[in-house]
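Encoded as structure tokens, the structure appears first; notes follow it.
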Amino acid sequence: MAGLTIDLNLYADEATLIDALLSGDKHACACMVRQHGSQMYAVALRIMGDPDEAEDVVQDAFISACGKVASFEGRSKLSTWLYRITTNAALMRLRKRRDDTVSLDEPQIGEEGELLPRQLGDWEIDPGRQALSSELRQVMEEAVESLPPALRAAFVLRDIQGLSTQEAAEALDISETALKVRLHRARLALRERLAGYLTGHPQEMAP
Amino acid sequence: MNTHDHDHGDCRQLLKDLSDYIDGDLDETLCVEIERHMNDCDNCRVVVDTLRKTVSLYHDLPATPMPAEVEERLFRCLDLEAFVGAER
């Protein structure tokens with residue numbers, strides 16, 4: 001049975017919500033979770049590629065956010081600050097998952113030649129006009145998971161979540177130039193992966 | 001299979017600017033150069049087209065909403081049990 005209700009309209013603006021969070025208002029905390037939880041879960045799921053790990057990331061992130069709301073300086077949107085905390089939590093978990101010493105901070109694609117397009121056939125698909133088949137969605141999700149974490153995080157924030165270049169750069173604590181480089185590398189790598197499936201492969205309308 | 005080694009300097013130059021081009025963040029002069037190059041280079045035209053389609057496809061990828069039980073456990077771990085089950 002439902003307990004207290006969550007009134008998302010109680011706080012006139014973000015500043016009012018932050019003030020309430022600082023005073024330890026539990027309703028404000030519930031509002032923050034209700035307003036931003038799904039977006040943070042979506043990012044965590046895309047970066048981790050696993051629902052259980054995504055849940056752990058979101059719990060880590062909101063525990064951290066609620067504990068250090070005093071450090072939120074209001075220079076960015078609350079959502080950008082939460083994206084930053086969530087992305088950090090996800091990348092931290094990926095670091096723990098890996099038993100090698102490869103840094104996750106920098107893209108692992110080094111040679112310029114690796115970025116050169118190899119797949120040069122046309123795609124018989126018209127994005128925006130047809131629903132994605134479940135098979136194509138799976139190919140797309142696996143392609144994202146195959147990206148190095150630093151590229152994956154940049155792509156997820158900018159191209160899947162739809163953050164601006166400035167917001168995505170703030171969330172990753174990198175310059176906008178660095179964000180654009182990572183995003184471009186991610187897109188080129190994904191294009192190659194999808195080309196393996198889409199070149200000369202007409203897409204049926206999804207049922 | 002159709003392959004392209006992009007030995008041509010113009011192709012390499014084009015490649016690094018492609019994301020800015022499809023995002024509309026590129027200087028107009030460079031856009032004109034790219035479009036002129038694409039008229040003569042079918043491979044680069046395909047790369048631009050499929051890169052744009054790549055971005056569009058991911059833009060259309062539906063988000064997986066946070067399941068209700070995940071939100072419930074999140075509320076509990078934040079000591080917000082009183083709000084568990086509150087109307088969405």
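The way I read the labels, and the way they are meant: chains A, B, ... in the order of the structure tokens, residue 1 as the first residue of every chain, and ligand 1 as the first ligand shown, with later ones counted on from there.
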As number ranges by chain, please: every residue in chain B that DSSP puts in alpha helix (DSSP H).
B: 9-22, 28-40, 42-59, 68-77
Give me the residues near Lys53 in chain B as a PyMOL selection string, where near means some atom within 9 Å (using only C-alpha atoms) and where sequence neighbours in that chain fewer than 4 positions away do not count.
(chain A and resi 123+125-127+191) or (chain B and resi 48-49+57-58)
Nearest to Ile63 in chain A by atom-to-atom distance, counting only C-alpha atoms, from A:Met32, A:Met48, A:Leu91, A:Ala168
A:Met32
Identify every residue of chain B that has at least one atom within 7 Å of any atom of chain A, counting only C-alpha atoms, and report the result as a PyMOL selection string.
chain B and resi 2-4+19+43+46-47+50-51+53-60+63-66+70+74+78+80+82-87
Just-selected residues, N, CA and C atoms written as an mmCIF file, in the first residue's frame:
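So part_19.cif came out as:
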data_model
loop_
_atom_site.group_PDB
_atom_site.id
_atom_site.type_symbol
_atom_site.label_atom_id
_atom_site.label_comp_id
_atom_site.auth_asym_id
_atom_site.auth_seq_id
_atom_site.Cartn_x
_atom_site.Cartn_y
_atom_site.Cartn_z
ATOM 1 N N ASN B 2 33.405 -3.600 -51.213
ATOM 2 C CA ASN B 2 33.857 -2.255 -51.513
ATOM 3 C C ASN B 2 34.730 -1.734 -50.362
ATOM 4 N N THR B 3 35.974 -1.413 -50.637
ATOM 5 C CA THR B 3 36.827 -0.876 -49.573
ATOM 6 C C THR B 3 37.420 0.446 -50.021
ATOM 7 N N HIS B 4 37.914 1.186 -49.078
ATOM 8 C CA HIS B 4 38.417 2.518 -49.374
ATOM 9 C C HIS B 4 39.518 2.814 -48.382
ATOM 10 N N SER B 19 31.803 14.671 -37.591
ATOM 11 C CA SER B 19 30.814 14.799 -36.516
ATOM 12 C C SER B 19 30.358 16.243 -36.365
ATOM 13 N N ASN B 43 32.603 7.290 -51.800
ATOM 14 C CA ASN B 43 32.871 6.644 -50.511
ATOM 15 C C ASN B 43 32.619 7.607 -49.350
ATOM 16 N N VAL B 46 28.978 8.113 -48.723
ATOM 17 C CA VAL B 46 28.383 6.995 -47.983
ATOM 18 C C VAL B 46 28.757 7.083 -46.488
ATOM 19 N N VAL B 47 30.001 7.440 -46.203
ATOM 20 C CA VAL B 47 30.422 7.529 -44.797
ATOM 21 C C VAL B 47 29.612 8.604 -44.072
ATOM 22 N N THR B 50 25.960 7.276 -43.644
ATOM 23 C CA THR B 50 25.798 6.203 -42.655
ATOM 24 C C THR B 50 26.194 6.669 -41.246
ATOM 25 N N LEU B 51 27.077 7.644 -41.151
ATOM 26 C CA LEU B 51 27.389 8.193 -39.826
ATOM 27 C C LEU B 51 26.166 8.945 -39.286
ATOM 28 N N LYS B 53 23.105 8.324 -40.141
ATOM 29 C CA LYS B 53 22.100 7.305 -39.806
ATOM 30 C C LYS B 53 22.434 6.641 -38.471
ATOM 31 N N THR B 54 23.715 6.445 -38.200
ATOM 32 C CA THR B 54 24.119 5.846 -36.926
ATOM 33 C C THR B 54 23.610 6.698 -35.763
ATOM 34 N N VAL B 55 23.847 8.010 -35.860
ATOM 35 C CA VAL B 55 23.412 8.910 -34.790
ATOM 36 C C VAL B 55 21.887 8.901 -34.666
ATOM 37 N N SER B 56 21.196 8.911 -35.818
ATOM 38 C CA SER B 56 19.723 8.909 -35.797
ATOM 39 C C SER B 56 19.174 7.640 -35.169
ATOM 40 N N LEU B 57 19.772 6.510 -35.512
ATOM 41 C CA LEU B 57 19.284 5.236 -34.973
ATOM 42 C C LEU B 57 19.385 5.220 -33.455
ATOM 43 N N TYR B 58 20.510 5.689 -32.921
ATOM 44 C CA TYR B 58 20.661 5.685 -31.459
ATOM 45 C C TYR B 58 19.749 6.722 -30.810
ATOM 46 N N HIS B 59 19.517 7.815 -31.536
ATOM 47 C CA HIS B 59 18.592 8.818 -31.018
ATOM 48 C C HIS B 59 17.203 8.202 -30.838
ATOM 49 N N ASP B 60 16.843 7.278 -31.737
ATOM 50 C CA ASP B 60 15.512 6.653 -31.712
ATOM 51 C C ASP B 60 15.430 5.443 -30.778
ATOM 52 N N ALA B 63 14.351 4.294 -24.439
ATOM 53 C CA ALA B 63 14.995 4.137 -23.132
ATOM 54 C C ALA B 63 14.257 3.069 -22.333
ATOM 55 N N THR B 64 15.000 2.340 -21.531
ATOM 56 C CA THR B 64 14.380 1.374 -20.623
ATOM 57 C C THR B 64 14.055 2.113 -19.331
ATOM 58 N N PRO B 65 12.766 2.258 -19.002
ATOM 59 C CA PRO B 65 12.447 2.983 -17.774
ATOM 60 C C PRO B 65 12.921 2.215 -16.536
ATOM 61 N N MET B 66 13.165 2.946 -15.469
ATOM 62 C CA MET B 66 13.584 2.269 -14.229
ATOM 63 C C MET B 66 12.398 1.438 -13.726
ATOM 64 N N VAL B 70 12.925 -1.548 -8.826
ATOM 65 C CA VAL B 70 14.258 -0.937 -8.675
ATOM 66 C C VAL B 70 14.118 0.396 -7.931
ATOM 67 N N LEU B 74 15.576 1.469 -4.324
ATOM 68 C CA LEU B 74 16.351 2.717 -4.225
ATOM 69 C C LEU B 74 15.804 3.575 -3.081
ATOM 70 N N LEU B 78 17.789 4.613 0.488
ATOM 71 C CA LEU B 78 17.983 6.033 0.834
ATOM 72 C C LEU B 78 17.185 6.409 2.086
ATOM 73 N N LEU B 80 14.026 6.120 2.535
ATOM 74 C CA LEU B 80 12.797 6.820 2.104
ATOM 75 C C LEU B 80 11.635 5.831 1.994
ATOM 76 N N ALA B 82 8.986 5.541 3.443
ATOM 77 C CA ALA B 82 7.649 6.133 3.534
ATOM 78 C C ALA B 82 7.083 6.483 2.166
ATOM 79 N N PHE B 83 7.985 6.632 1.161
ATOM 80 C CA PHE B 83 7.512 7.028 -0.170
ATOM 81 C C PHE B 83 7.384 5.847 -1.122
ATOM 82 N N VAL B 84 7.691 4.647 -0.644
ATOM 83 C CA VAL B 84 7.582 3.465 -1.501
ATOM 84 C C VAL B 84 6.135 3.311 -1.949
ATOM 85 N N GLY B 85 5.960 3.138 -3.240
ATOM 86 C CA GLY B 85 4.612 2.929 -3.769
ATOM 87 C C GLY B 85 3.859 4.213 -4.039
ATOM 88 N N ALA B 86 4.480 5.375 -3.773
ATOM 89 C CA ALA B 86 3.799 6.643 -4.064
ATOM 90 C C ALA B 86 3.476 6.696 -5.553
ATOM 91 N N GLU B 87 2.320 7.242 -5.858
ATOM 92 C CA GLU B 87 1.836 7.243 -7.237
ATOM 93 C C GLU B 87 2.857 7.846 -8.192
#
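Across A:Thr80, A:Gln35, A:Asp25, A:Ala65, the tightest approach to Asp173 in chain A is made by A:Thr80 when counting only C-alpha atoms.
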Point-to-point distance from CA of Ala89 in chain A to CA of Glu53 in chain A, Å rounded to tenths
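Separating CA of Ala89 in chain A from CA of Glu53 in chain A is a distance of 10.6 Å.
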Which polymer residues have any atom within 12 Å of an atom of Tyr21 in chain B, counting only C-alpha atoms, with same-chain residues fewer than 6 positions away left out, as a PyMOL selection string?
(chain A and resi 180+184) or (chain B and resi 14-15+27-35+48-49+51-52)
Hey, can you check how far CA of Gly67 in chain A sits from CA of Arg73 in chain B?
17.7 Å
Set the distance at 9 Å and use only C-alpha atoms: which residues neighbour Cys11 in chain B once local chain neighbours fewer than 6 positions away are removed? I'd like the list as an mmCIF file with all heavy atoms, in the first residue's frame.
data_model
loop_
_atom_site.group_PDB
_atom_site.id
_atom_site.type_symbol
_atom_site.label_atom_id
_atom_site.label_comp_id
_atom_site.auth_asym_id
_atom_site.auth_seq_id
_atom_site.Cartn_x
_atom_site.Cartn_y
_atom_site.Cartn_z
ATOM 1 N N HIS B 37 33.472 18.065 -51.923
ATOM 2 C CA HIS B 37 34.243 16.812 -51.947
ATOM 3 C C HIS B 37 33.306 15.608 -52.107
ATOM 4 O O HIS B 37 33.598 14.685 -52.870
ATOM 5 C CB HIS B 37 35.067 16.669 -50.669
ATOM 6 C CG HIS B 37 35.789 15.365 -50.579
ATOM 7 N ND1 HIS B 37 36.993 15.128 -51.209
ATOM 8 C CD2 HIS B 37 35.468 14.198 -49.967
ATOM 9 C CE1 HIS B 37 37.379 13.882 -50.974
ATOM 10 N NE2 HIS B 37 36.468 13.299 -50.220
ATOM 11 N N CYS B 41 33.340 12.212 -54.420
ATOM 12 C CA CYS B 41 33.845 11.025 -53.717
ATOM 13 C C CYS B 41 32.684 10.231 -53.138
ATOM 14 O O CYS B 41 32.134 10.591 -52.095
ATOM 15 C CB CYS B 41 34.813 11.459 -52.604
ATOM 16 S SG CYS B 41 35.480 10.068 -51.678
ATOM 17 N N CYS B 44 33.085 8.830 -49.474
ATOM 18 C CA CYS B 44 32.880 9.794 -48.399
ATOM 19 C C CYS B 44 31.399 10.155 -48.250
ATOM 20 O O CYS B 44 30.911 10.371 -47.148
ATOM 21 C CB CYS B 44 33.728 11.052 -48.618
ATOM 22 S SG CYS B 44 35.461 10.767 -48.180
#
Enter the distance from CA of Leu147 in chain A to CA of Gln166 in chain A, in Å, rounded to one decimal.
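Going from CA of Leu147 in chain A over to CA of Gln166 in chain A, I get 21.7 Å.
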Close residues, Leu94 in chain A itself excluded, 9 Å, only C-alpha atoms, min 2 positions apart in chain, as a list in words:
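The contact residues come out as Ile47, Met48, Ala89, Ala90, Leu91, Met92, Lys96, Arg97, Arg98, Leu104 and Pro149 of chain A.
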